[in-house]
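Structure file entry_27.tsv (TSV, C-alpha atoms and all ligand atoms) is printed below.
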chain	number	residue	atom	x	y	z
K	20	MET	CA	51.70	-24.11	6.38
K	21	ASN	CA	48.90	-24.61	3.87
K	22	MET	CA	45.72	-22.89	4.87
K	23	LYS	CA	43.34	-21.15	2.48
K	24	ILE	CA	41.53	-18.28	4.15
K	25	LEU	CA	38.71	-16.61	2.27
K	26	GLN	CA	37.71	-13.02	3.08
K	27	ASN	CA	34.26	-14.20	4.11
K	28	VAL	CA	32.74	-17.63	4.63
K	29	LEU	CA	28.97	-17.78	4.93
K	30	ASP	CA	28.22	-21.41	5.69
K	31	ARG	CA	30.01	-21.49	9.04
K	32	GLN	CA	27.55	-19.17	10.75
K	33	PHE	CA	24.79	-21.36	9.30
K	34	PHE	CA	26.36	-24.53	10.72
K	35	GLN	CA	26.64	-22.88	14.15
K	36	TYR	CA	22.82	-23.15	14.41
K	37	GLN	CA	22.05	-25.51	11.54
K	38	ARG	CA	19.22	-27.40	13.25
K	39	GLU	CA	17.34	-24.21	14.17
K	40	TYR	CA	17.58	-22.80	10.63
K	41	GLU	CA	16.57	-26.06	8.98
K	42	GLU	CA	13.60	-26.54	11.31
K	43	LYS	CA	12.35	-23.02	10.60
K	44	ALA	CA	12.77	-23.37	6.83
K	45	LEU	CA	10.81	-26.63	6.86
K	46	GLU	CA	8.14	-25.10	9.07
K	47	VAL	CA	7.57	-22.29	6.57
K	48	LEU	CA	7.72	-24.63	3.56
K	49	ARG	CA	5.06	-26.82	5.11
K	50	SER	CA	2.85	-23.91	6.19
K	51	GLY	CA	1.50	-23.16	2.72
K	52	TRP	CA	1.91	-19.38	3.33
K	53	TYR	CA	4.91	-17.71	1.73
K	54	ILE	CA	4.37	-13.95	1.43
K	55	LEU	CA	3.28	-11.43	4.10
K	56	GLY	CA	2.31	-13.80	6.86
K	57	LYS	CA	3.04	-14.56	10.47
K	58	GLU	CA	6.84	-14.80	10.11
K	59	VAL	CA	7.12	-11.30	8.63
K	60	THR	CA	4.77	-9.83	11.23
K	61	GLU	CA	6.65	-11.47	14.10
K	62	PHE	CA	10.04	-10.56	12.69
K	63	GLU	CA	8.94	-6.93	12.34
K	64	LYS	CA	7.88	-6.86	16.00
K	65	GLU	CA	11.09	-8.51	17.17
K	66	PHE	CA	13.40	-6.38	15.03
K	67	ALA	CA	11.62	-3.17	16.06
K	68	SER	CA	12.02	-4.15	19.69
K	69	TYR	CA	15.69	-5.12	19.22
K	70	ASN	CA	16.28	-1.68	17.69
K	71	GLN	CA	14.39	0.23	20.37
K	72	SER	CA	12.01	1.38	17.64
K	73	ARG	CA	8.25	1.56	17.49
K	74	TYR	CA	7.83	0.22	13.97
K	75	CYS	CA	9.63	-2.03	11.53
K	76	VAL	CA	8.51	-2.84	7.99
K	77	GLY	CA	10.10	-5.75	6.13
K	78	LEU	CA	11.16	-5.08	2.53
K	79	ALA	CA	12.89	-6.93	-0.29
K	80	SER	CA	16.34	-5.31	-0.01
K	81	GLY	CA	18.45	-2.57	1.53
K	82	LEU	CA	18.33	-0.56	-1.68
K	83	ASP	CA	14.52	-0.67	-1.60
K	84	ALA	CA	14.61	0.54	2.01
K	85	LEU	CA	16.69	3.53	0.89
K	86	TRP	CA	14.85	4.57	-2.25
K	87	LEU	CA	11.42	4.03	-0.73
K	88	THR	CA	12.48	6.18	2.22
K	89	PHE	CA	13.35	9.15	0.02
K	90	ARG	CA	10.18	8.58	-2.03
K	91	ILE	CA	8.01	8.53	1.08
K	92	LEU	CA	9.72	11.59	2.54
K	93	GLY	CA	8.80	13.40	-0.68
K	94	ILE	CA	12.37	13.95	-1.85
K	95	GLY	CA	12.86	14.05	-5.61
K	96	GLU	CA	13.72	16.16	-8.65
K	97	GLY	CA	15.39	19.45	-7.71
K	98	ASP	CA	16.23	18.31	-4.16
K	99	GLU	CA	19.65	17.59	-2.70
K	100	VAL	CA	20.64	14.94	-0.19
K	101	ILE	CA	23.94	15.11	1.68
K	102	THR	CA	25.66	11.75	1.69
K	103	PRO	CA	29.12	10.36	2.41
K	104	GLY	CA	31.47	10.04	-0.58
K	105	ASN	CA	32.96	6.96	1.04
K	106	THR	CA	30.11	4.46	0.94
K	107	TYR	CA	28.65	1.57	-0.97
K	108	ILE	CA	27.02	2.78	-4.18
K	109	ALA	CA	23.54	1.63	-3.05
K	110	SER	CA	23.44	4.56	-0.60
K	111	VAL	CA	23.70	6.93	-3.56
K	112	MET	CA	21.31	5.01	-5.80
K	113	GLY	CA	18.61	5.30	-3.14
K	114	ILE	CA	18.81	9.06	-3.73
K	115	THR	CA	19.20	9.16	-7.51
K	116	ILE	CA	16.42	6.65	-8.25
K	117	ASN	CA	14.17	9.46	-7.02
K	118	HIS	CA	15.95	11.97	-9.32
K	119	ALA	CA	17.32	13.86	-6.32
K	120	ALA	CA	20.97	14.93	-6.35
K	121	PRO	CA	23.60	13.45	-4.03
K	122	VAL	CA	25.96	15.98	-2.46
K	123	PHE	CA	29.08	14.22	-1.21
K	124	VAL	CA	30.95	14.85	2.02
K	125	GLU	CA	34.43	13.44	2.72
K	126	PRO	CA	35.05	10.80	5.40
K	127	ASP	CA	36.53	11.36	8.88
K	128	ASN	CA	39.26	9.20	10.45
K	129	TYR	CA	36.67	6.52	11.16
K	130	TYR	CA	35.67	6.27	7.47
K	131	ASN	CA	32.23	7.76	8.18
K	132	ILE	CA	30.81	11.08	6.99
K	133	ASN	CA	32.87	13.95	8.44
K	134	PRO	CA	30.32	15.86	10.52
K	135	ASP	CA	32.43	19.04	10.49
K	136	GLN	CA	32.01	19.31	6.72
K	137	ILE	CA	28.25	18.83	6.46
K	138	GLU	CA	27.09	22.40	7.07
K	139	ASP	CA	29.27	23.76	4.25
K	140	LYS	CA	27.28	21.66	1.81
K	141	ILE	CA	23.80	22.78	2.84
K	142	THR	CA	21.96	24.86	0.23
K	143	ASP	CA	18.34	25.90	-0.07
K	144	LYS	CA	17.77	22.69	-2.04
K	145	THR	CA	19.03	20.40	0.73
K	146	LYS	CA	16.24	18.20	2.08
K	147	ALA	CA	18.03	15.45	4.00
K	148	VAL	CA	21.27	14.02	5.33
K	149	LEU	CA	21.99	10.34	4.79
K	150	ALA	CA	24.31	8.98	7.48
K	151	VAL	CA	25.92	5.62	6.71
K	152	HIS	CA	27.37	3.56	9.56
K	153	LEU	CA	30.13	2.09	7.44
K	154	TYR	CA	32.03	-1.11	8.25
K	155	GLY	CA	29.85	-1.56	11.34
K	156	GLN	CA	30.79	1.61	13.21
K	157	ALA	CA	28.20	4.21	14.19
K	158	ALA	CA	28.71	7.65	12.61
K	159	GLN	CA	28.87	10.82	14.77
K	160	MET	CA	25.13	10.94	15.34
K	161	ASN	CA	24.87	13.65	18.02
K	162	GLN	CA	26.54	16.21	15.80
K	163	ILE	CA	24.72	15.06	12.66
K	164	LYS	CA	21.36	15.13	14.39
K	165	LYS	CA	22.00	18.63	15.72
K	166	ILE	CA	22.78	19.91	12.22
K	167	CYS	CA	19.60	18.32	10.82
K	168	LYS	CA	17.49	19.88	13.56
K	169	LYS	CA	19.03	23.31	13.09
K	170	HIS	CA	18.46	23.31	9.32
K	171	HIS	CA	15.12	21.41	9.37
K	172	LEU	CA	16.46	18.50	7.34
K	173	PHE	CA	15.31	14.90	7.34
K	174	LEU	CA	17.85	12.48	8.79
K	175	VAL	CA	18.02	9.03	7.20
K	176	GLU	CA	20.37	6.30	8.39
K	177	ASP	CA	21.86	3.58	6.21
K	178	CYS	CA	22.30	0.74	8.73
K	179	ALA	CA	23.05	-1.95	6.15
K	180	GLN	CA	26.38	-2.64	7.88
K	181	SER	CA	25.53	-1.72	11.48
K	182	HIS	CA	22.92	-4.15	12.91
K	183	GLY	CA	23.39	-3.81	16.67
K	184	ALA	CA	25.89	-0.92	16.64
K	185	CYS	CA	25.26	2.02	18.96
K	186	TYR	CA	26.15	5.66	19.28
K	187	ASP	CA	26.22	6.91	22.86
K	188	GLY	CA	24.36	3.77	23.94
K	189	LYS	CA	21.53	4.28	21.44
K	190	MET	CA	20.92	1.95	18.51
K	191	THR	CA	21.84	3.05	15.01
K	192	GLY	CA	18.65	3.52	13.01
K	193	THR	CA	16.89	5.38	15.84
K	194	PHE	CA	18.46	8.83	15.48
K	195	GLY	CA	16.69	9.98	12.37
K	196	ASP	CA	13.34	9.74	10.63
K	197	VAL	CA	14.02	6.32	9.11
K	198	GLY	CA	16.69	3.64	9.64
K	199	CYS	CA	17.34	1.48	6.55
K	200	PHE	CA	18.59	-2.10	6.87
K	201	SER	CA	19.79	-4.74	4.42
K	202	PHE	CA	19.75	-8.45	5.15
K	203	TYR	CA	21.97	-9.40	2.22
K	204	PRO	CA	23.67	-12.68	3.25
K	205	SER	CA	27.05	-11.14	4.12
K	206	LYS	CA	25.63	-8.48	6.45
K	207	ASN	CA	25.85	-8.93	10.22
K	208	LEU	CA	22.18	-9.91	10.26
K	209	GLY	CA	22.17	-11.68	6.91
K	210	ALA	CA	19.34	-13.69	5.43
K	211	PHE	CA	19.77	-16.67	3.11
K	212	GLY	CA	18.81	-14.56	0.12
K	213	ASP	CA	17.85	-10.92	-0.28
K	214	GLY	CA	15.96	-8.91	2.32
K	215	GLY	CA	15.67	-5.49	3.90
K	216	ALA	CA	13.65	-3.44	6.39
K	217	ILE	CA	13.15	0.01	7.81
K	218	VAL	CA	12.64	1.08	11.39
K	219	THR	CA	10.93	4.29	12.42
K	220	GLN	CA	9.16	5.87	15.39
K	221	ASP	CA	6.55	7.42	13.11
K	222	LYS	CA	3.31	5.52	12.63
K	223	GLU	CA	2.36	7.36	9.43
K	224	ILE	CA	5.74	6.69	7.81
K	225	ALA	CA	5.52	2.99	8.73
K	226	LYS	CA	2.09	2.82	7.16
K	227	GLN	CA	3.38	4.39	3.94
K	228	PHE	CA	6.02	1.63	3.67
K	229	GLN	CA	3.35	-1.04	4.10
K	230	ILE	CA	1.41	0.51	1.25
K	231	TYR	CA	4.40	1.10	-1.04
K	232	ARG	CA	5.87	-2.38	-0.64
K	233	ASN	CA	2.68	-4.03	-1.84
K	234	TYR	CA	1.89	-2.26	-5.15
K	235	GLY	CA	0.58	0.79	-3.36
K	236	SER	CA	-2.35	-1.05	-1.89
K	237	GLU	CA	-3.53	-1.29	1.66
K	238	LYS	CA	-6.60	-3.21	0.70
K	239	ARG	CA	-6.22	-5.82	-2.03
K	240	TYR	CA	-6.92	-4.45	-5.53
K	241	HIS	CA	-7.46	-0.94	-4.15
K	242	ASN	CA	-4.25	0.73	-5.28
K	243	LYS	CA	-3.73	4.20	-3.86
K	244	LEU	CA	-0.43	4.97	-5.53
K	245	ILE	CA	2.21	3.59	-7.88
K	246	GLY	CA	4.12	1.41	-5.46
K	247	ALA	CA	6.58	-1.43	-5.75
K	248	ASN	CA	6.84	-5.13	-5.12
K	249	SER	CA	9.20	-5.06	-2.16
K	250	ARG	CA	8.12	-7.69	0.29
K	251	LEU	CA	10.34	-9.64	2.65
K	252	ASP	CA	9.31	-13.27	2.12
K	253	GLU	CA	8.20	-15.67	4.84
K	254	ILE	CA	11.19	-18.03	4.62
K	255	GLN	CA	13.69	-15.17	4.93
K	256	ALA	CA	11.71	-13.58	7.75
K	257	GLY	CA	11.54	-16.90	9.60
K	258	LEU	CA	15.28	-17.48	9.19
K	259	LEU	CA	16.00	-13.89	10.25
K	260	ARG	CA	13.95	-14.47	13.42
K	261	VAL	CA	16.21	-17.40	14.25
K	262	LYS	CA	19.33	-15.40	13.49
K	263	LEU	CA	18.17	-12.37	15.45
K	264	THR	CA	18.11	-14.47	18.63
K	265	HIS	CA	21.85	-15.07	18.09
K	266	LEU	CA	22.83	-11.65	16.69
K	267	GLU	CA	24.43	-10.34	19.89
K	268	GLU	CA	26.47	-13.52	20.11
K	269	TYR	CA	27.51	-13.35	16.44
K	270	ASN	CA	28.50	-9.69	16.87
K	271	GLU	CA	30.42	-10.53	20.06
K	272	GLU	CA	32.36	-13.18	18.17
K	273	ARG	CA	33.26	-10.64	15.46
K	274	ARG	CA	34.34	-8.16	18.13
K	275	GLY	CA	36.62	-10.84	19.61
K	276	ILE	CA	38.30	-11.41	16.25
K	277	ALA	CA	38.70	-7.65	15.68
K	278	GLU	CA	40.26	-7.24	19.13
K	279	GLN	CA	42.77	-9.98	18.36
K	280	TYR	CA	43.68	-8.22	15.11
K	281	LEU	CA	44.03	-4.88	16.90
K	282	ALA	CA	46.24	-6.39	19.60
K	283	GLY	CA	48.23	-8.67	17.32
K	284	ILE	CA	48.92	-6.72	14.15
K	285	HIS	CA	52.03	-4.59	14.47
K	286	HIS	CA	53.28	-3.09	11.29
K	287	PRO	CA	54.89	0.29	10.74
K	288	SER	CA	53.16	0.94	7.43
K	289	LEU	CA	49.62	-0.01	8.47
K	290	HIS	CA	46.79	2.09	9.89
K	291	LEU	CA	44.50	-0.08	11.98
K	292	PRO	CA	40.83	0.89	12.36
K	293	VAL	CA	40.00	3.24	15.23
K	294	THR	CA	36.66	3.35	17.05
K	295	ALA	CA	35.38	6.82	17.99
K	296	ALA	CA	34.74	7.62	21.65
K	297	LYS	CA	30.94	7.31	21.70
K	298	SER	CA	30.59	4.86	18.83
K	299	SER	CA	30.46	1.11	18.97
K	300	SER	CA	31.31	-1.15	16.07
K	301	VAL	CA	29.83	-4.50	15.13
K	302	TRP	CA	32.83	-5.08	12.84
K	303	HIS	CA	31.04	-5.67	9.58
K	304	GLN	CA	34.49	-5.27	8.03
K	305	PHE	CA	37.98	-4.96	9.47
K	306	VAL	CA	39.50	-2.31	7.22
K	307	ILE	CA	43.20	-1.47	7.35
K	308	ARG	CA	44.96	1.20	5.34
K	309	THR	CA	48.42	1.36	3.79
K	310	LYS	CA	50.27	3.00	0.92
K	311	TYR	CA	51.43	-0.49	0.03
K	312	ARG	CA	47.90	-1.83	-0.28
K	313	ASP	CA	48.27	-3.58	-3.63
K	314	GLU	CA	51.60	-5.10	-2.62
K	315	LEU	CA	50.18	-6.29	0.71
K	316	ARG	CA	47.14	-7.72	-1.03
K	317	ASP	CA	49.35	-9.67	-3.46
K	318	TYR	CA	51.58	-10.84	-0.62
K	319	LEU	CA	48.60	-12.13	1.39
K	320	LEU	CA	47.23	-13.85	-1.70
K	321	GLU	CA	50.59	-15.61	-2.20
K	322	HIS	CA	49.93	-17.06	1.25
K	323	ASP	CA	46.36	-17.97	0.25
K	324	ILE	CA	44.79	-15.25	2.38
K	325	HIS	CA	42.02	-13.59	0.40
K	326	THR	CA	41.04	-9.98	0.99
K	327	LEU	CA	38.55	-7.53	-0.48
K	328	ILE	CA	38.44	-3.76	-1.01
K	329	HIS	CA	35.38	-1.92	0.27
K	330	TYR	CA	35.26	-0.14	-2.13
K	331	PRO	CA	37.79	0.16	-4.96
K	332	ILE	CA	35.81	2.76	-6.95
K	333	PRO	CA	34.01	5.46	-4.97
K	334	PRO	CA	30.46	6.11	-6.22
K	335	HIS	CA	31.27	9.53	-7.72
K	336	LEU	CA	33.94	7.95	-9.98
K	337	SER	CA	31.85	4.99	-11.06
K	338	GLU	CA	30.67	4.81	-14.65
K	339	ALA	CA	27.05	4.98	-13.44
K	340	TYR	CA	27.63	8.46	-12.00
K	341	ARG	CA	29.58	10.01	-14.85
K	342	CYS	CA	26.50	12.20	-15.22
K	343	LEU	CA	27.40	13.96	-11.95
K	344	GLN	CA	30.55	15.27	-13.66
K	345	LEU	CA	32.80	14.86	-10.65
K	346	PRO	CA	36.26	14.16	-12.06
K	347	PRO	CA	39.08	12.38	-10.16
K	348	GLY	CA	40.33	14.75	-7.48
K	349	SER	CA	36.83	15.95	-6.54
K	350	LEU	CA	36.91	14.02	-3.26
K	351	PRO	CA	40.60	13.60	-2.45
K	352	VAL	CA	40.21	11.89	0.95
K	353	THR	CA	37.61	9.43	-0.35
K	354	GLU	CA	39.79	8.71	-3.37
K	355	ARG	CA	42.96	8.23	-1.32
K	356	TYR	CA	41.14	5.84	1.01
K	357	ALA	CA	39.88	3.86	-1.99
K	358	SER	CA	43.49	3.34	-3.09
K	359	GLU	CA	44.78	2.42	0.39
K	360	ILE	CA	42.10	0.37	2.15
K	361	LEU	CA	41.98	-3.39	2.50
K	362	SER	CA	39.42	-5.58	4.28
K	363	LEU	CA	41.00	-8.52	6.11
K	364	PRO	CA	39.12	-11.83	6.48
K	365	LEU	CA	36.59	-11.63	9.32
K	366	TYR	CA	33.61	-13.93	9.63
K	367	ASN	CA	31.65	-15.92	12.16
K	368	GLY	CA	33.12	-19.35	12.72
K	369	MET	CA	36.70	-18.25	11.95
K	370	THR	CA	39.11	-20.60	13.75
K	371	GLN	CA	41.92	-19.54	16.09
K	372	GLU	CA	44.45	-21.00	13.61
K	373	GLU	CA	42.99	-18.85	10.84
K	374	ILE	CA	43.05	-15.70	12.97
K	375	ASP	CA	46.65	-16.33	14.03
K	376	PHE	CA	47.70	-17.09	10.47
K	377	VAL	CA	46.26	-13.78	9.22
K	378	ILE	CA	47.98	-11.83	12.03
K	379	ASN	CA	51.36	-13.52	11.53
K	380	THR	CA	51.27	-13.23	7.76
K	381	VAL	CA	50.35	-9.52	7.84
K	382	ASN	CA	53.14	-8.91	10.37
K	383	SER	CA	55.65	-10.70	8.15
K	384	PHE	CA	54.94	-8.42	5.16
K	385	ASP	CA	58.18	-6.66	4.30
K	386	MET	CA	57.64	-3.34	2.59
K	387	THR	CA	61.33	-2.55	2.10
K	388	GLY	CA	61.93	-2.72	-1.60
K	389	GLN	CA	58.23	-2.11	-2.32
K	390	LYS	CA	57.67	0.92	-4.43
K	391	ASN	CA	56.32	3.88	-2.54
K	392	ARG	CA	53.32	4.99	-4.54
G	401	LIG	C1	24.57	-3.74	1.34
G	401	LIG	C2	24.40	-2.29	1.43
G	401	LIG	C3	23.27	-1.65	0.87
G	401	LIG	C4	22.30	-2.34	-0.04
G	401	LIG	O1	21.65	-3.43	0.47
G	401	LIG	P1	21.01	-4.52	-0.53
G	401	LIG	O2	20.20	-5.38	0.39
G	401	LIG	O3	22.14	-5.26	-1.17
G	401	LIG	O4	20.17	-3.80	-1.51
G	401	LIG	C5	23.12	-0.29	1.08
G	401	LIG	N1	24.02	0.41	1.77
G	401	LIG	C6	25.13	-0.15	2.30
G	401	LIG	C7	26.08	0.70	3.08
G	401	LIG	C8	25.36	-1.52	2.14
G	401	LIG	O5	26.46	-2.07	2.66
Could you write out this file's structure as structure tokens?
Amino acid sequence: MNMKILQNVLDRQFFQYQREYEEKALEVLRSGWYILGKEVTEFEKEFASYNQSRYCVGLASGLDALWLTFRILGIGEGDEVITPGNTYIASVMGITINHAAPVFVEPDNYYNINPDQIEDKITDKTKAVLAVHLYGQAAQMNQIKKICKKHHLFLVEDCAQSHGACYDGKMTGTFGDVGCFSFYPSKNLGAFGDGGAIVTQDKEIAKQFQIYRNYGSEKRYHNKLIGANSRLDEIQAGLLRVKLTHLEEYNEERRGIAEQYLAGIHHPSLHLPVTAAKSSSVWHQFVIRTKYRDELRDYLLEHDIHTLIHYPIPPHLSEAYRCLQLPPGSLPVTERYASEILSLPLYNGMTQEEIDFVINTVNSFDMTGQKNR
């Protein structure tokens, strides 16, 4: 059989509602208003409501949502923020852009921050905990929230991969002070370009974001502080409004694919992803784990099935963070995961033939004779 399967395909979800997206894009193009207008305002209302939040502020990216959050919470030089070691590097950059120090905690069996290891890392410099809902699954928010309350720490959530995921029936992004979202095209709620947002229940915090995102000005040419240019544009906001009306459906489709993988993949050397009791997952990625990761990856590629690794180099070992002086071995669980994880293809619009082909090909991988690393 000859079937090329990419790890992610972005145009299929577009074609599922092509007419709606094209109509909205044309509407905005013809409106003559492209920055901070009706589409952004309406999207903010709709996304706040979807997330059971009082306020939403549209921004230019997920990274901006993160670094502006720490800036607005007053976290900077001399402060520490507890963050998962197993995350996308943007989570860490949001902290270090403000000259605060990341303090890493190892992942649990669900790849999220291990809540049992957070308290050990709290010092008198700790100001916040950053929880990341990685691969679409909500982190252990009850326990994390309790720790933050007890130690008077801010709680920030990185929801870049968890649009629509819940913990104990409550939306991710609503447990802490600020929930940070990315609308990078490959995210569950992806724009057709860059975008981001925050949600919060706090009116004053929301107002600060509105000021910061627009050069520190509330009133034109009256700049209160040194802000940023971090505005979600009208076309992206309009397209996100269209996509938001279909998000539950898109997430349901991903869940269906994940359930087929979970039911269909049987392999003695593979760990399939597990969802924690009170968490839901929106399956941003379907991440499996095996000692034979590189061999499996090559084998799948021989059959034209493309995979990715999220992420091959943990932030603390990246060149950018050499300054933290955390040598290999500093975070053994994170590092082992980085050498064993593999993200199978999973995207909206994946066909039944493609799903079956991935399942059958993974199941036919023969690890006898593979070197045990
Ligand atoms: C994508 C992502 C970000 C950054 O979002 P951008 O919009 O690309 O800046 C931050 N954190 C996590 C966990 C992400 O997956």
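If you look at CA of Asp177 (chain K) and CA of Ile91 (chain K), they are 15.6 Å away from each other.
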Neighbours of region 38-52 of chain K within 12 Å (all atoms listed in the file; same-chain residues fewer than 2 positions away dropped), as a compact mmCIF listing (two decimals) with C-alpha atoms, in the frame of the given file?
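Result saved to selection.txt:
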# COMPACT_ATOMS: atom_id res chain seq x y z
CA ASP K 30 28.22 -21.41 5.69
CA GLN K 32 27.55 -19.17 10.75
CA PHE K 33 24.79 -21.36 9.30
CA PHE K 34 26.36 -24.53 10.72
CA GLN K 35 26.64 -22.88 14.15
CA TYR K 36 22.82 -23.15 14.41
CA ILE K 54 4.37 -13.95 1.43
CA LEU K 55 3.28 -11.43 4.10
CA GLY K 56 2.31 -13.80 6.86
CA LYS K 57 3.04 -14.56 10.47
CA GLU K 58 6.84 -14.80 10.11
CA VAL K 59 7.12 -11.30 8.63
CA ALA K 210 19.34 -13.69 5.43
CA PHE K 211 19.77 -16.67 3.11
CA ASP K 252 9.31 -13.27 2.12
CA GLU K 253 8.20 -15.67 4.84
CA ILE K 254 11.19 -18.03 4.62
CA GLN K 255 13.69 -15.17 4.93
CA ALA K 256 11.71 -13.58 7.75
CA GLY K 257 11.54 -16.90 9.60
CA LEU K 258 15.28 -17.48 9.19
CA LEU K 259 16.00 -13.89 10.25
CA ARG K 260 13.95 -14.47 13.42
CA VAL K 261 16.21 -17.40 14.25
CA LYS K 262 19.33 -15.40 13.49
CA LEU K 263 18.17 -12.37 15.45
CA THR K 264 18.11 -14.47 18.63
CA HIS K 265 21.85 -15.07 18.09
Within 12 Å of region 362-386 of chain K, which residues of region 221-311 of chain K come that close, and what is the closest atom pair and distance in Å for each? Count all atoms listed in the file and give it as a Markdown table.
| residue | atom | partner | partner_atom | distance |
| --- | --- | --- | --- | --- |
| K:His265 | CA | K:Asn367 | CA | 11.5 |
| K:Leu266 | CA | K:Asn367 | CA | 10.8 |
| K:Glu267 | CA | K:Asn367 | CA | 12.0 |
| K:Glu268 | CA | K:Asn367 | CA | 9.8 |
| K:Tyr269 | CA | K:Asn367 | CA | 6.5 |
| K:Asn270 | CA | K:Asn367 | CA | 8.4 |
| K:Glu271 | CA | K:Asn367 | CA | 9.6 |
| K:Glu272 | CA | K:Asn367 | CA | 6.6 |
| K:Arg273 | CA | K:Asn367 | CA | 6.4 |
| K:Arg274 | CA | K:Leu365 | CA | 9.7 |
| K:Gly275 | CA | K:Asn367 | CA | 10.3 |
| K:Ile276 | CA | K:Leu365 | CA | 7.1 |
| K:Ala277 | CA | K:Leu365 | CA | 7.8 |
| K:Glu278 | CA | K:Ile374 | CA | 10.8 |
| K:Gln279 | CA | K:Ile374 | CA | 7.9 |
| K:Tyr280 | CA | K:Ile378 | CA | 6.4 |
| K:Leu281 | CA | K:Ile378 | CA | 9.4 |
| K:Ala282 | CA | K:Ile378 | CA | 9.5 |
| K:Gly283 | CA | K:Ile378 | CA | 6.2 |
| K:Ile284 | CA | K:Ile378 | CA | 5.6 |
| K:His285 | CA | K:Asn382 | CA | 6.1 |
| K:His286 | CA | K:Asn382 | CA | 5.9 |
| K:Pro287 | CA | K:Met386 | CA | 9.3 |
| K:Ser288 | CA | K:Met386 | CA | 7.9 |
| K:Leu289 | CA | K:Val381 | CA | 9.6 |
| K:Leu291 | CA | K:Ser362 | CA | 10.7 |
| K:Pro292 | CA | K:Ser362 | CA | 10.4 |
| K:Val301 | CA | K:Leu365 | CA | 11.4 |
| K:Trp302 | CA | K:Leu365 | CA | 8.3 |
| K:His303 | CA | K:Leu365 | CA | 8.1 |
| K:Gln304 | CA | K:Ser362 | CA | 6.2 |
| K:Phe305 | CA | K:Ser362 | CA | 5.4 |
| K:Val306 | CA | K:Ser362 | CA | 4.4 |
| K:Ile307 | CA | K:Ser362 | CA | 6.4 |
| K:Arg308 | CA | K:Ser362 | CA | 8.8 |
| K:Thr309 | CA | K:Met386 | CA | 10.4 |
| K:Lys310 | CA | K:Met386 | CA | 9.9 |
| K:Tyr311 | CA | K:Met386 | CA | 7.3 |
Between K:Gly214, K:Gly155, K:Pro351, K:Pro134, which one has atoms that come closest to ligand LIG 401 (chain G), using all atoms listed in the file? K:Gly214
Let me make sure I understand: among K:Leu25, K:Ile163, K:Ser358, K:Tyr234, which one has the smallest atom-to-atom distance to Asp323 (chain K) if we use only C-alpha atoms?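 Closest to Asp323 (chain K) of all the choices is K:Leu25.
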I need the residue nearest ligand LIG 401 (chain G) from this list: K:Gln180, K:Gln136, K:Thr142, K:Thr102. Use only C-alpha atoms and all ligand atoms for the distance. K:Gln180
Kindly compute an axis-aligned box around the listed atoms of ligand LIG 401 (chain G), allowing 3 Å on each side, and express its centre and edge lengths in Å to one decimal as lines of an AutoDock Vina configuration file.
center_x = 23.3
center_y = -2.3
center_z = 0.8
size_x = 12.3
size_y = 12.1
size_z = 10.6
(18.2, 23.0, 11.4) in this file's frame - what residues fall within 12 Å of it? Use all atoms listed in the file and give the answer as an mmCIF file with C-alpha atoms, in the frame of the given file.
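Saved result, part-v2.cif, follows:
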data_model
loop_
_atom_site.group_PDB
_atom_site.id
_atom_site.type_symbol
_atom_site.label_atom_id
_atom_site.label_comp_id
_atom_site.auth_asym_id
_atom_site.auth_seq_id
_atom_site.Cartn_x
_atom_site.Cartn_y
_atom_site.Cartn_z
ATOM 1 C CA ILE K 137 28.250 18.830 6.460
ATOM 2 C CA GLU K 138 27.090 22.400 7.070
ATOM 3 C CA ILE K 141 23.800 22.780 2.840
ATOM 4 C CA THR K 142 21.960 24.860 0.230
ATOM 5 C CA ASP K 143 18.340 25.900 -0.070
ATOM 6 C CA THR K 145 19.030 20.400 0.730
ATOM 7 C CA LYS K 146 16.240 18.200 2.080
ATOM 8 C CA ALA K 147 18.030 15.450 4.000
ATOM 9 C CA VAL K 148 21.270 14.020 5.330
ATOM 10 C CA GLN K 162 26.540 16.210 15.800
ATOM 11 C CA ILE K 163 24.720 15.060 12.660
ATOM 12 C CA LYS K 164 21.360 15.130 14.390
ATOM 13 C CA LYS K 165 22.000 18.630 15.720
ATOM 14 C CA ILE K 166 22.780 19.910 12.220
ATOM 15 C CA CYS K 167 19.600 18.320 10.820
ATOM 16 C CA LYS K 168 17.490 19.880 13.560
ATOM 17 C CA LYS K 169 19.030 23.310 13.090
ATOM 18 C CA HIS K 170 18.460 23.310 9.320
ATOM 19 C CA HIS K 171 15.120 21.410 9.370
ATOM 20 C CA LEU K 172 16.460 18.500 7.340
ATOM 21 C CA PHE K 173 15.310 14.900 7.340
ATOM 22 C CA LEU K 174 17.850 12.480 8.790
#
Residues within 10 Å of ligand LIG 401 (chain G) should be enumerated using all atoms listed in the file and returned as a VMD selection string. chain K and resid 78 to 86 105 to 113 150 to 155 176 to 181 199 to 206 209 to 210 212 to 216 303 329
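CA of Arg250 (chain K) is positioned 15.4 Å from CA of Lys238 (chain K).
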When you draw a straight line from CA of Asp135 (chain K) to CA of Met160 (chain K), how long is it in Å? 11.9 Å
Given all atoms listed in the file as the basis, pick out the residue of K:Gly95, K:Gly198, K:Pro121, K:Gly104 nearest to Gly77 (chain K).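 When distances to Gly77 (chain K) are compared using all atoms listed in the file, the smallest one comes from K:Gly198.
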Selected residue, from K:Leu87, K:Leu320, K:Ala296, K:Ile360, that lies nearest to Ala247 (chain K) when counting only C-alpha atoms: K:Leu87
Would you mind telling me which residue in K:Cys185, K:Pro103, K:Gly246, K:Asp98 lies nearest to Ala120 (chain K) when using only C-alpha atoms?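 Smallest separation from Ala120 (chain K) among the options: K:Asp98.
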